[in-house]
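Engineer: This is model.txt, which holds compact mmCIF, C-alpha atoms:
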# COMPACT_ATOMS: atom_id res chain seq x y z
CA MET A 858 -31.70 -10.04 -12.04
CA GLY A 859 -29.54 -12.37 -14.14
CA ALA A 860 -26.43 -11.42 -12.16
CA TYR A 861 -28.12 -12.23 -8.85
CA LEU A 862 -29.29 -15.66 -10.12
CA GLU A 863 -25.76 -16.36 -11.35
CA ASN A 864 -24.38 -15.55 -7.89
CA ILE A 865 -26.91 -17.88 -6.25
CA LEU A 866 -26.05 -20.74 -8.62
CA GLN A 867 -22.34 -20.32 -7.94
CA GLU A 868 -22.92 -20.45 -4.19
CA ILE A 869 -25.07 -23.60 -4.54
CA ASN A 870 -22.36 -25.33 -6.57
CA LYS A 871 -19.80 -24.58 -3.86
CA LEU A 872 -21.85 -26.19 -1.07
CA ASP A 873 -20.44 -29.29 0.59
CA THR A 874 -22.57 -32.42 0.90
CA ALA A 875 -21.81 -32.80 4.62
CA ALA A 876 -21.69 -30.45 7.61
CA TYR A 877 -19.05 -30.65 10.36
CA PHE A 878 -19.63 -29.51 13.93
CA GLY A 879 -17.72 -29.24 17.18
CA LYS A 880 -17.98 -27.24 20.37
CA VAL A 881 -16.05 -24.64 22.30
CA THR A 882 -13.95 -26.13 25.09
CA GLY A 883 -12.28 -22.96 26.34
CA VAL A 884 -11.60 -19.27 25.74
CA GLN A 885 -8.25 -17.63 26.49
CA GLY A 886 -7.08 -14.18 25.44
CA LEU A 887 -7.80 -13.69 21.74
CA PHE A 888 -8.34 -17.41 21.16
CA ILE A 889 -11.22 -19.85 21.18
CA GLU A 890 -10.37 -23.49 21.80
CA ALA A 891 -12.65 -26.03 20.11
CA GLY A 892 -12.80 -29.80 19.82
CA GLY A 893 -14.56 -32.50 17.83
CA ILE A 894 -13.97 -31.03 14.36
CA LEU A 895 -10.34 -31.88 13.54
CA ALA A 896 -10.88 -34.10 10.50
CA LYS A 897 -12.22 -31.29 8.33
CA LEU A 898 -9.99 -28.30 9.04
CA ALA A 899 -6.50 -27.00 8.29
CA VAL A 900 -4.68 -23.80 9.20
CA GLY A 901 -6.29 -20.86 7.42
CA ASP A 902 -9.74 -22.46 7.11
CA ARG A 903 -12.79 -20.79 8.55
CA CYS A 904 -15.34 -21.72 11.17
CA SER A 905 -18.36 -20.06 12.72
CA VAL A 906 -18.97 -20.08 16.46
CA ILE A 907 -22.60 -19.61 17.49
CA ASN A 908 -22.62 -17.53 20.67
CA ASN A 909 -25.20 -17.59 23.46
CA ASN A 910 -27.34 -15.04 21.62
CA GLY A 911 -27.50 -17.17 18.48
CA ARG A 912 -25.18 -14.88 16.52
CA LYS A 913 -22.59 -16.47 14.23
CA VAL A 914 -19.05 -15.23 14.88
CA PRO A 915 -16.70 -15.98 11.95
CA CYS A 916 -13.29 -17.34 12.96
CA GLU A 917 -10.07 -18.54 11.36
CA VAL A 918 -8.08 -21.64 12.29
CA VAL A 919 -4.65 -20.42 13.41
CA SER A 920 -3.17 -23.37 15.28
CA PHE A 921 -3.68 -26.89 16.61
CA LYS A 922 -3.05 -28.09 20.14
CA GLU A 923 -3.15 -31.88 20.62
CA ASP A 924 -6.77 -32.82 19.81
CA LYS A 925 -8.04 -29.22 19.90
CA ILE A 926 -8.06 -26.41 17.39
CA LEU A 927 -7.34 -22.77 18.17
CA LEU A 928 -9.60 -20.22 16.50
CA MET A 929 -9.19 -16.47 16.27
CA PRO A 930 -12.46 -14.55 15.75
CA TYR A 931 -12.98 -11.84 13.14
CA ALA A 932 -15.45 -10.10 15.46
CA SER A 933 -16.10 -9.62 19.18
CA MET A 934 -16.00 -12.73 21.42
CA GLU A 935 -18.82 -11.43 23.58
CA GLY A 936 -21.30 -14.22 24.38
CA ILE A 937 -18.92 -17.07 23.55
CA GLY A 938 -18.27 -19.67 26.22
CA PRO A 939 -17.65 -23.42 26.72
CA GLY A 940 -20.24 -25.55 24.97
CA CYS A 941 -21.04 -23.08 22.17
CA PRO A 942 -21.44 -24.89 18.82
CA VAL A 943 -18.68 -24.58 16.22
CA GLU A 944 -19.49 -25.11 12.55
CA ALA A 945 -16.94 -25.60 9.77
CA ASP A 946 -17.66 -23.15 6.99
CA ASP A 947 -17.75 -24.18 3.34
CA ALA A 948 -16.31 -20.79 2.39
CA ARG A 949 -12.73 -21.05 1.20
CA PRO A 950 -10.38 -18.09 1.67
CA VAL A 951 -11.10 -16.88 -1.87
CA ILE A 952 -12.89 -14.01 -3.54
CA TYR A 953 -14.57 -13.79 -6.95
CA PRO A 954 -13.70 -10.37 -8.40
CA HIS A 955 -15.66 -8.91 -11.30
CA PRO A 956 -15.12 -5.80 -13.49
CA SER A 957 -18.28 -4.31 -11.97
CA TRP A 958 -16.42 -3.93 -8.66
CA LEU A 959 -14.97 -0.66 -9.97
CA GLY A 960 -16.44 2.22 -8.03
CA ARG A 961 -17.23 0.03 -5.02
CA ILE A 962 -16.03 -0.12 -1.41
CA ILE A 963 -15.52 -3.59 0.04
CA ASN A 964 -14.41 -5.11 3.34
CA ALA A 965 -11.81 -7.75 4.16
CA PHE A 966 -14.23 -10.54 3.13
CA GLY A 967 -14.76 -9.06 -0.33
CA GLU A 968 -18.27 -7.89 0.57
CA ALA A 969 -19.79 -4.53 -0.36
CA ILE A 970 -20.02 -1.99 2.48
CA ASP A 971 -21.02 1.08 0.47
CA GLY A 972 -24.80 0.58 0.56
CA LYS A 973 -25.03 0.08 -3.22
CA GLY A 974 -26.23 -3.51 -3.07
CA PRO A 975 -24.38 -6.82 -3.33
CA LEU A 976 -21.41 -7.34 -5.60
CA ILE A 977 -21.57 -9.40 -8.77
CA LYS A 978 -19.25 -12.36 -8.43
CA GLY A 979 -16.89 -13.39 -11.18
CA SER A 980 -16.50 -16.96 -12.38
CA LYS A 981 -12.84 -17.41 -11.42
CA PRO A 982 -11.79 -17.72 -7.77
CA TYR A 983 -8.79 -15.72 -6.55
CA PHE A 984 -7.14 -17.03 -3.43
CA ILE A 985 -6.67 -14.34 -0.80
CA LYS A 986 -3.21 -15.72 -0.07
CA CYS A 987 -1.37 -16.80 -3.19
CA SER A 988 2.07 -16.79 -4.72
CA PRO A 989 3.22 -14.24 -7.32
CA PRO A 990 3.91 -15.38 -10.91
CA PRO A 991 7.16 -17.36 -11.22
CA ALA A 992 10.11 -14.97 -11.37
CA GLN A 993 11.47 -16.37 -14.65
CA PHE A 994 8.14 -15.79 -16.42
CA ARG A 995 7.46 -12.25 -15.23
CA ASP A 996 7.92 -9.37 -17.66
CA ARG A 997 10.34 -6.52 -17.01
CA VAL A 998 9.12 -3.15 -15.79
CA LYS A 999 8.63 -0.78 -18.69
CA GLY A 1000 6.99 2.53 -19.43
CA LYS A 1001 6.42 5.39 -17.02
CA VAL A 1002 3.43 5.87 -14.74
CA ASP A 1003 2.14 9.44 -14.63
CA LEU A 1004 1.19 10.17 -11.01
CA GLY A 1005 0.53 13.88 -11.44
CA VAL A 1006 3.03 14.92 -8.72
CA LYS A 1007 5.99 17.01 -9.95
CA ALA A 1008 8.55 15.75 -7.43
CA VAL A 1009 7.72 12.09 -8.12
CA ASN A 1010 7.31 12.35 -11.89
CA THR A 1011 10.74 13.93 -12.34
CA PHE A 1012 13.10 13.06 -9.49
CA LEU A 1013 11.56 9.65 -8.60
CA THR A 1014 10.04 8.45 -11.84
CA ILE A 1015 8.04 5.25 -11.36
CA CYS A 1016 7.67 2.58 -14.05
CA LYS A 1017 4.76 0.21 -14.63
CA GLY A 1018 5.18 -2.81 -12.39
CA GLN A 1019 7.52 -1.06 -9.96
CA ARG A 1020 7.02 -1.20 -6.17
CA MET A 1021 7.73 1.92 -4.14
CA GLY A 1022 7.51 2.71 -0.45
CA ILE A 1023 6.47 6.04 1.07
CA PHE A 1024 8.34 6.33 4.38
CA ALA A 1025 7.54 8.94 7.03
CA GLY A 1026 6.74 9.54 10.66
CA SER A 1027 3.23 10.38 11.82
CA GLY A 1028 1.68 13.58 10.53
CA VAL A 1029 4.24 14.29 7.80
CA GLY A 1030 1.92 13.68 4.84
CA LYS A 1031 2.05 10.02 3.73
CA SER A 1032 -1.71 9.66 3.29
CA THR A 1033 -1.98 13.07 1.61
CA LEU A 1034 0.73 12.23 -0.94
CA MET A 1035 -0.88 8.85 -1.62
CA SER A 1036 -4.27 10.53 -2.08
CA MET A 1037 -2.78 12.97 -4.61
CA MET A 1038 -1.37 10.10 -6.66
CA ALA A 1039 -4.63 8.14 -6.41
CA ARG A 1040 -6.55 11.11 -7.77
CA HIS A 1041 -4.13 12.14 -10.53
CA THR A 1042 -2.77 8.83 -11.86
CA ASP A 1043 -3.24 7.82 -15.49
CA SER A 1044 -3.34 4.07 -14.65
CA ASP A 1045 -6.26 2.03 -15.96
CA VAL A 1046 -7.40 0.90 -12.50
CA SER A 1047 -6.62 1.89 -8.92
CA VAL A 1048 -6.97 -0.62 -6.08
CA ILE A 1049 -6.63 1.10 -2.72
CA GLY A 1050 -6.28 -0.71 0.59
CA LEU A 1051 -6.86 1.34 3.74
CA ILE A 1052 -5.46 -0.96 6.43
CA GLY A 1053 -6.20 -0.02 10.05
CA GLU A 1054 -7.38 3.39 8.87
CA ARG A 1055 -9.23 5.94 10.97
CA GLY A 1056 -12.93 5.35 10.41
CA ARG A 1057 -13.79 9.04 10.06
CA GLU A 1058 -11.30 9.45 7.20
CA ALA A 1059 -12.86 6.83 4.92
CA LYS A 1060 -15.71 9.03 3.72
CA GLU A 1061 -13.39 12.03 3.36
CA PHE A 1062 -11.03 9.93 1.24
CA VAL A 1063 -13.84 8.82 -1.08
CA GLU A 1064 -15.62 12.17 -1.45
CA ASP A 1065 -12.83 14.74 -1.17
CA VAL A 1066 -9.75 12.87 -2.40
CA LEU A 1067 -10.95 10.44 -5.04
CA GLY A 1068 -14.12 12.23 -6.09
CA ALA A 1069 -16.66 10.69 -8.44
CA ASP A 1070 -14.22 10.36 -11.34
CA GLY A 1071 -11.46 8.81 -9.23
CA LEU A 1072 -13.81 6.34 -7.54
CA ALA A 1073 -15.24 5.24 -10.90
CA LYS A 1074 -11.95 3.55 -11.81
CA SER A 1075 -11.05 2.39 -8.29
CA VAL A 1076 -11.82 -0.41 -5.86
CA LEU A 1077 -11.45 0.57 -2.21
CA VAL A 1078 -10.74 -2.11 0.42
CA LEU A 1079 -11.38 -0.84 3.94
CA ALA A 1080 -10.49 -2.23 7.38
CA THR A 1081 -10.65 0.35 10.16
CA SER A 1082 -8.39 0.48 13.21
CA ASP A 1083 -11.08 -0.87 15.56
CA GLU A 1084 -11.44 -4.14 13.65
CA SER A 1085 -9.70 -7.35 14.66
CA PRO A 1086 -6.08 -8.00 13.64
CA LEU A 1087 -7.28 -10.83 11.42
CA LEU A 1088 -9.49 -8.47 9.44
CA ARG A 1089 -6.76 -5.85 9.15
CA ARG A 1090 -4.29 -8.43 7.88
CA GLN A 1091 -6.81 -10.00 5.51
CA ALA A 1092 -7.73 -6.60 4.02
CA ALA A 1093 -4.15 -6.36 2.74
CA TYR A 1094 -4.38 -9.80 1.13
CA VAL A 1095 -7.76 -8.96 -0.45
CA THR A 1096 -6.32 -5.71 -1.86
CA MET A 1097 -3.61 -7.69 -3.64
CA ALA A 1098 -6.09 -10.34 -4.86
CA VAL A 1099 -8.33 -7.69 -6.45
CA ALA A 1100 -5.29 -6.06 -8.06
CA GLU A 1101 -4.23 -9.45 -9.45
CA PHE A 1102 -7.66 -9.91 -11.05
CA PHE A 1103 -7.41 -6.64 -12.97
CA ARG A 1104 -3.78 -7.39 -13.86
CA ASP A 1105 -4.95 -10.66 -15.42
CA GLU A 1106 -7.47 -8.60 -17.39
CA ASN A 1107 -4.39 -6.94 -19.00
CA LYS A 1108 -4.90 -3.67 -17.11
CA ASP A 1109 -2.20 -1.42 -15.73
CA VAL A 1110 -3.14 -1.37 -12.04
CA LEU A 1111 -1.97 1.12 -9.44
CA CYS A 1112 -2.19 -0.71 -6.11
CA MET A 1113 -1.87 1.55 -3.05
CA MET A 1114 -1.80 0.39 0.53
CA ASP A 1115 -1.92 2.58 3.63
CA SER A 1116 -0.18 1.22 5.54
CA ILE A 1117 2.19 -1.73 5.52
CA THR A 1118 3.15 -0.92 9.11
CA ARG A 1119 -0.40 -1.58 10.30
CA PHE A 1120 -0.36 -4.88 8.39
CA ALA A 1121 2.86 -5.79 10.22
CA MET A 1122 1.32 -4.78 13.56
CA ALA A 1123 -1.73 -6.95 12.89
CA GLN A 1124 0.50 -9.92 12.05
CA ARG A 1125 2.49 -9.26 15.24
CA GLU A 1126 -0.70 -9.32 17.36
CA ILE A 1127 -1.73 -12.64 15.83
CA ALA A 1128 1.71 -14.23 16.17
CA LEU A 1129 2.22 -13.14 19.77
CA SER A 1130 -1.20 -14.52 20.68
CA VAL A 1131 -0.26 -17.90 19.18
CA GLY A 1132 2.85 -17.91 21.35
CA GLU A 1133 5.50 -16.97 18.79
CA PRO A 1134 8.47 -15.29 20.51
CA PRO A 1135 9.27 -11.65 19.66
CA ALA A 1136 12.45 -11.12 17.66
CA SER A 1137 13.11 -7.42 16.96
CA LYS A 1138 11.39 -4.58 18.85
CA GLY A 1139 8.48 -6.88 19.61
CA TYR A 1140 8.00 -8.03 16.01
CA THR A 1141 7.91 -11.79 15.52
CA PRO A 1142 9.77 -13.74 12.80
CA SER A 1143 6.50 -14.41 10.96
CA VAL A 1144 6.11 -10.65 10.35
CA PHE A 1145 9.33 -10.58 8.32
CA SER A 1146 8.33 -13.72 6.41
CA GLU A 1147 4.85 -12.39 5.57
CA LEU A 1148 6.07 -9.00 4.30
CA PRO A 1149 7.80 -10.37 1.15
CA ARG A 1150 4.91 -12.77 0.50
CA LEU A 1151 2.58 -9.79 0.35
CA LEU A 1152 4.81 -7.26 -1.41
CA GLU A 1153 6.16 -9.65 -4.07
CA ARG A 1154 2.63 -10.07 -5.41
CA ALA A 1155 2.88 -6.58 -6.90
CA GLY A 1156 4.86 -6.12 -10.09
CA PRO A 1157 4.55 -7.09 -13.75
CA GLY A 1158 2.65 -10.23 -14.62
CA SER A 1159 3.38 -12.86 -17.24
CA GLY A 1160 1.01 -11.12 -19.71
CA ASN A 1161 0.39 -7.49 -20.60
CA GLY A 1162 -1.01 -6.46 -17.22
CA THR A 1163 1.01 -4.87 -14.42
CA ILE A 1164 0.59 -4.00 -10.75
CA THR A 1165 2.46 -0.86 -9.75
CA GLY A 1166 2.66 -0.89 -5.95
CA LEU A 1167 2.77 2.14 -3.64
CA PHE A 1168 3.01 1.20 0.03
CA THR A 1169 3.14 3.67 2.90
CA VAL A 1170 5.35 2.86 5.90
CA LEU A 1171 4.92 4.60 9.26
CA VAL A 1172 8.43 4.81 10.70
CA ASP A 1173 8.51 4.57 14.49
CA GLY A 1174 9.87 7.73 16.10
CA ASP A 1175 11.14 9.02 12.73
CA ASP A 1176 13.71 6.20 12.80
CA HIS A 1177 13.99 5.10 9.17
CA ASN A 1178 16.09 2.09 10.20
CA GLU A 1179 13.51 0.55 12.50
CA PRO A 1180 12.77 -3.15 11.73
CA VAL A 1181 9.66 -2.89 9.53
CA ALA A 1182 10.96 0.08 7.52
CA ASP A 1183 14.31 -1.65 6.99
CA ALA A 1184 12.67 -4.92 5.89
CA VAL A 1185 10.24 -3.22 3.50
CA ARG A 1186 12.95 -1.03 1.98
CA SER A 1187 15.03 -4.11 1.18
CA ILE A 1188 12.12 -5.70 -0.72
CA LEU A 1189 10.85 -2.73 -2.73
CA ASP A 1190 12.25 -1.08 -5.85
CA GLY A 1191 12.78 2.31 -4.28
CA HIS A 1192 11.62 4.59 -1.50
CA ILE A 1193 10.14 8.06 -1.11
CA VAL A 1194 11.24 9.62 2.18
CA LEU A 1195 9.10 12.36 3.71
CA ASP A 1196 11.06 14.64 6.06
CA ARG A 1197 9.51 16.31 9.11
CA ALA A 1198 11.97 19.20 8.86
CA ILE A 1199 10.77 19.94 5.32
CA ALA A 1200 7.13 19.74 6.44
CA GLU A 1201 7.91 22.22 9.22
CA ARG A 1202 9.09 24.64 6.52
CA ASN A 1203 5.60 24.29 5.02
CA ARG A 1204 6.81 22.72 1.78
CA TYR A 1205 4.43 19.95 0.73
CA PRO A 1206 4.74 17.23 -0.31
CA ALA A 1207 7.67 17.07 2.12
CA ILE A 1208 9.80 14.75 -0.03
CA ASN A 1209 13.49 14.62 0.78
CA ILE A 1210 14.88 14.27 -2.73
CA LEU A 1211 18.41 13.34 -1.63
CA ARG A 1212 17.26 10.49 0.62
CA SER A 1213 14.75 9.11 -1.87
CA ILE A 1214 15.48 6.88 -4.84
CA SER A 1215 13.75 5.04 -7.66
CA ARG A 1216 15.82 2.03 -8.69
CA THR A 1217 14.23 1.68 -12.13
CA MET A 1218 14.41 5.37 -13.03
CA PRO A 1219 17.78 5.32 -14.86
CA ASP A 1220 16.47 2.69 -17.29
CA CYS A 1221 13.22 4.46 -18.16
CA ASP A 1222 14.47 8.06 -18.53
CA THR A 1223 15.85 9.42 -21.79
CA LYS A 1224 19.40 10.78 -21.74
CA GLU A 1225 18.13 14.37 -21.76
CA GLU A 1226 15.67 13.73 -18.90
CA TYR A 1227 18.31 11.98 -16.82
CA GLU A 1228 20.83 14.78 -17.28
CA LEU A 1229 18.21 17.40 -16.40
CA VAL A 1230 17.27 15.65 -13.15
CA ALA A 1231 20.93 14.94 -12.28
CA LYS A 1232 21.74 18.63 -12.67
CA ALA A 1233 18.90 19.65 -10.34
CA ARG A 1234 19.95 17.01 -7.79
CA LYS A 1235 23.51 18.37 -7.90
CA TYR A 1236 22.28 21.85 -6.99
CA ILE A 1237 20.15 20.51 -4.13
CA ALA A 1238 23.08 18.47 -2.75
CA ALA A 1239 25.54 21.40 -3.04
CA TYR A 1240 23.15 23.72 -1.22
CA GLU A 1241 22.35 21.22 1.55
CA ASP A 1242 26.09 20.62 2.15
CA MET A 1243 26.62 24.34 2.80
CA ALA A 1244 23.19 25.08 4.29
CA GLU A 1245 24.41 25.87 7.80
CA LEU A 1246 27.11 28.28 6.60
CA ILE A 1247 24.67 29.96 4.23
CA ARG A 1248 22.03 30.46 6.95
CA LEU A 1249 24.65 31.84 9.38
CA GLY A 1250 25.96 34.22 6.73
CA ALA A 1251 29.41 32.67 6.96
CA TYR A 1252 29.59 31.77 3.27
CA LYS A 1253 31.21 34.46 1.12
CA LYS A 1254 29.69 34.86 -2.31
CA GLY A 1255 32.18 34.00 -5.06
CA SER A 1256 34.17 31.49 -2.98
CA ASN A 1257 32.85 28.50 -4.92
CA ARG A 1258 31.05 28.79 -8.26
CA GLU A 1259 29.14 25.51 -7.79
CA VAL A 1260 27.78 26.69 -4.44
CA ASP A 1261 26.94 30.09 -5.94
CA GLU A 1262 24.93 28.36 -8.65
CA ALA A 1263 23.20 26.18 -6.04
CA ILE A 1264 22.22 29.28 -4.01
CA PHE A 1265 20.78 30.81 -7.20
CA TYR A 1266 18.76 27.78 -8.32
CA TYR A 1267 17.77 26.23 -4.94
CA PRO A 1268 14.77 28.51 -4.17
CA LYS A 1269 13.42 27.93 -7.68
CA ILE A 1270 13.78 24.13 -7.36
CA GLU A 1271 12.12 24.25 -3.92
CA ALA A 1272 9.18 26.12 -5.44
CA PHE A 1273 9.00 23.47 -8.17
CA LEU A 1274 8.86 20.68 -5.57
CA SER A 1275 5.94 22.35 -3.78
CA GLN A 1276 2.46 21.38 -4.98
CA GLY A 1277 -1.13 21.78 -3.78
CA LYS A 1278 -3.39 18.75 -3.25
CA GLN A 1279 -5.69 19.63 -6.12
CA GLU A 1280 -2.95 20.47 -8.62
CA ARG A 1281 -1.98 17.99 -11.32
CA PHE A 1282 1.04 18.09 -13.65
CA SER A 1283 1.66 15.63 -16.47
CA LEU A 1284 5.07 14.06 -17.09
CA GLU A 1285 5.68 16.37 -20.05
CA GLU A 1286 4.74 19.47 -18.04
CA CYS A 1287 7.01 18.45 -15.17
CA TYR A 1288 10.12 18.13 -17.36
CA GLU A 1289 9.25 21.31 -19.22
CA ILE A 1290 8.90 23.36 -16.01
CA LEU A 1291 12.12 21.98 -14.53
CA GLY A 1292 13.94 22.56 -17.80
CA ASN A 1293 12.78 26.18 -17.89
CA ILE A 1294 14.03 26.72 -14.33
CA LEU A 1295 17.52 25.37 -15.08
CA ALA A 1296 17.68 27.27 -18.36
CA ILE A 1297 17.71 30.59 -16.48
CA PRO A 1298 21.29 31.91 -16.90
CA PHE A 1299 23.33 32.27 -13.73
CA SER A 1300 25.59 35.21 -12.96
CA LEU A 1301 27.39 36.36 -9.80
CA GLU A 1302 25.63 39.71 -10.06
CA ALA A 1303 22.19 38.04 -9.97
Show the structure stored in the file as structure tokens.

Structural biologist:
Amino acid sequence: MGAYLENILQEINKLDTAAYFGKVTGVQGLFIEAGGILAKLAVGDRCSVINNNGRKVPCEVVSFKEDKILLMPYASMEGIGPGCPVEADDARPVIYPHPSWLGRIINAFGEAIDGKGPLIKGSKPYFIKCSPPPAQFRDRVKGKVDLGVKAVNTFLTICKGQRMGIFAGSGVGKSTLMSMMARHTDSDVSVIGLIGERGREAKEFVEDVLGADGLAKSVLVLATSDESPLLRRQAAYVTMAVAEFFRDENKDVLCMMDSITRFAMAQREIALSVGEPPASKGYTPSVFSELPRLLERAGPGSGNGTITGLFTVLVDGDDHNEPVADAVRSILDGHIVLDRAIAERNRYPAINILRSISRTMPDCDTKEEYELVAKARKYIAAYEDMAELIRLGAYKKGSNREVDEAIFYYPKIEAFLSQGKQERFSLEECYEILGNILAIPFSLEA
């Protein structure tokens, strides 16, 4: 009861002493045009339009046109027409996270949608859109994150505060790989943003992927594909704001977002509706300016807390150089590439080791670990270079010792890279298994 009274008192203290009203003057496309309320509002503020049925439709101010404001609704525009009242909301684009949010599912407004009652609000506001800590005051990435996936723990080791992208076409296993890491991570807190996700998958993700133990140390932010572009975009910002709260609590946070591409698509829809011209494959310039503003918020803080970011990217037509993938790759600290050809061979997770890289890995591995992984990579590369000749039977055994060794070790390394969804391997186990594989003596007679 005390928590509820505290929430009420906070809301009362935030109330404005005056109310501001206007009215709808026109509706066009995704926009509502309103007048008579200019003095109070700025871009990014919120209003409520009361439709003909008396229902309040929340909106965001996206632009100004002479003496009118342009609003984009968060919900359906059904029932809205000229003359409908417009009310300026007192709500600022902030949320009030609290440690009790762990184990909860929230929407893009920071409201509970899991049927477990209202959320307790913290005392400190966190702006949904904010800047990362100043670069000169941020700590360096340090220490490894155990994600429980053999291929990632060894070949693509991720450090606390690092930002990694998971790049793949549709149906190659991005969400599955992310779910494995969400379930098996040893981070203090997981903040998971499902942006534009299929509605039917939300419950499966919570019950089958996270489970009770995984959900207990997670906050899930959900915006399904049928929701407005404003909500889908805002869900990404809210995910980062919640992660920043736990980072400021000196926690090591694993922030996962599926997917950045849907965030970019939502921003594109909004920008095109405002009248911004398309620049590259239909994406507007604001898309490429918003991506770093979002992604740079992950990373180490200025204290002991960190945000390790994992962001999935849906590459259009398996083209890993398409605009969004290229822009995201240039911002992040490494990329995990999932290959459709590997998935078709039924090896999951379908990570292409040679095309993937972790930029911080050389600094966090010991000399022995680095040499072990480099040796395995060398065998994979040697085999892939001669793969066609080997499959055709054109390679003669004994022609090249390095290739002979690669042929010997490649099937064993491939088996190592394969892993079931429910399996978990610690960092120590991963290096031990790989070391045992490469310790098997090679001979031409083998």

Engineer: Residues of segment 998-1022 of chain A within 12 Å of segment 1255-1272 of chain A: nearest atom pair and distance (Å, one decimal) for each, counting all atoms listed in the file, sorted by chain and number, as a Markdown table?

Structural biologist:
| residue | atom | partner | partner_atom | distance |
| --- | --- | --- | --- | --- |
| A:Lys1007 | CA | A:Ala1272 | CA | 10.7 |
| A:Ala1008 | CA | A:Glu1271 | CA | 9.9 |
| A:Thr1011 | CA | A:Ile1270 | CA | 11.8 |
| A:Phe1012 | CA | A:Ile1270 | CA | 11.3 |

Engineer: Distance atom CA of Leu927 of chain A-atom CA of Lys986 of chain A, one decimal place?

Structural biologist: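 Calculated distance between atom CA of Leu927 of chain A and atom CA of Lys986 of chain A is 20.0 Å.
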
Engineer: Any idea what the distance is between atom CA of Asp1045 of chain A and atom CA of Asp1109 of chain A?

Structural biologist: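 Taking atom CA of Asp1045 of chain A as the start and atom CA of Asp1109 of chain A as the end point, the length is 5.3 Å.
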
Engineer: Would you pick out the contacts of segment 1136-1141 of chain A at 10 Å or less, using all atoms listed in the file, so that residues sharing its chain but fewer than 3 positions from it are not included, and give the list as a list in words?

Structural biologist: Ala1121, Met1122, Gln1124, Arg1125, Glu1126, Ile1127, Ala1128, Leu1129, Gly1132, Glu1133, Val1144, Phe1145, Ser1146, Glu1179, Pro1180 and Val1181 of chain A

Engineer: So, with all atoms listed in the file as the atoms that count, which of A:Ala1231, A:Leu1284, A:Val951, A:Ile1023 lies closest to Tyr983 of chain A?

Structural biologist: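 The shortest atom-to-atom distance to Tyr983 of chain A comes from A:Val951.
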
Engineer: Would you mind putting N, CA and C atoms back on segment 1034-1047 of chain A and writing the result as a short mmCIF file (atom, residue, chain, number, x, y, z; two decimals), keeping the file's coordinate frame?

Structural biologist:
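File written: result_2.cif
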data_model
loop_
_atom_site.label_atom_id
_atom_site.label_comp_id
_atom_site.auth_asym_id
_atom_site.auth_seq_id
_atom_site.Cartn_x
_atom_site.Cartn_y
_atom_site.Cartn_z
N LEU A 1034 -0.01 12.49 0.30
CA LEU A 1034 0.73 12.23 -0.94
C LEU A 1034 0.10 11.06 -1.69
N MET A 1035 -0.26 9.99 -0.97
CA MET A 1035 -0.88 8.85 -1.62
C MET A 1035 -2.21 9.25 -2.24
N SER A 1036 -2.97 10.10 -1.54
CA SER A 1036 -4.27 10.53 -2.08
C SER A 1036 -4.10 11.36 -3.34
N MET A 1037 -3.04 12.18 -3.40
CA MET A 1037 -2.78 12.97 -4.61
C MET A 1037 -2.51 12.05 -5.79
N MET A 1038 -1.72 11.01 -5.57
CA MET A 1038 -1.37 10.10 -6.66
C MET A 1038 -2.58 9.25 -7.07
N ALA A 1039 -3.42 8.90 -6.09
CA ALA A 1039 -4.63 8.14 -6.41
C ALA A 1039 -5.58 8.95 -7.29
N ARG A 1040 -5.65 10.23 -7.03
CA ARG A 1040 -6.55 11.11 -7.77
C ARG A 1040 -6.03 11.43 -9.17
N HIS A 1041 -4.70 11.60 -9.30
CA HIS A 1041 -4.13 12.14 -10.53
C HIS A 1041 -3.52 11.09 -11.46
N THR A 1042 -3.45 9.83 -11.06
CA THR A 1042 -2.77 8.83 -11.86
C THR A 1042 -3.46 8.59 -13.21
N ASP A 1043 -2.67 8.17 -14.19
CA ASP A 1043 -3.24 7.82 -15.49
C ASP A 1043 -3.35 6.30 -15.66
N SER A 1044 -3.20 5.53 -14.58
CA SER A 1044 -3.34 4.07 -14.65
C SER A 1044 -4.78 3.69 -15.02
N ASP A 1045 -4.93 2.49 -15.56
CA ASP A 1045 -6.26 2.03 -15.96
C ASP A 1045 -7.18 1.84 -14.76
N VAL A 1046 -6.62 1.25 -13.69
CA VAL A 1046 -7.40 0.90 -12.50
C VAL A 1046 -6.58 1.23 -11.26
N SER A 1047 -7.26 1.70 -10.22
CA SER A 1047 -6.62 1.89 -8.92
C SER A 1047 -7.28 0.95 -7.91
#
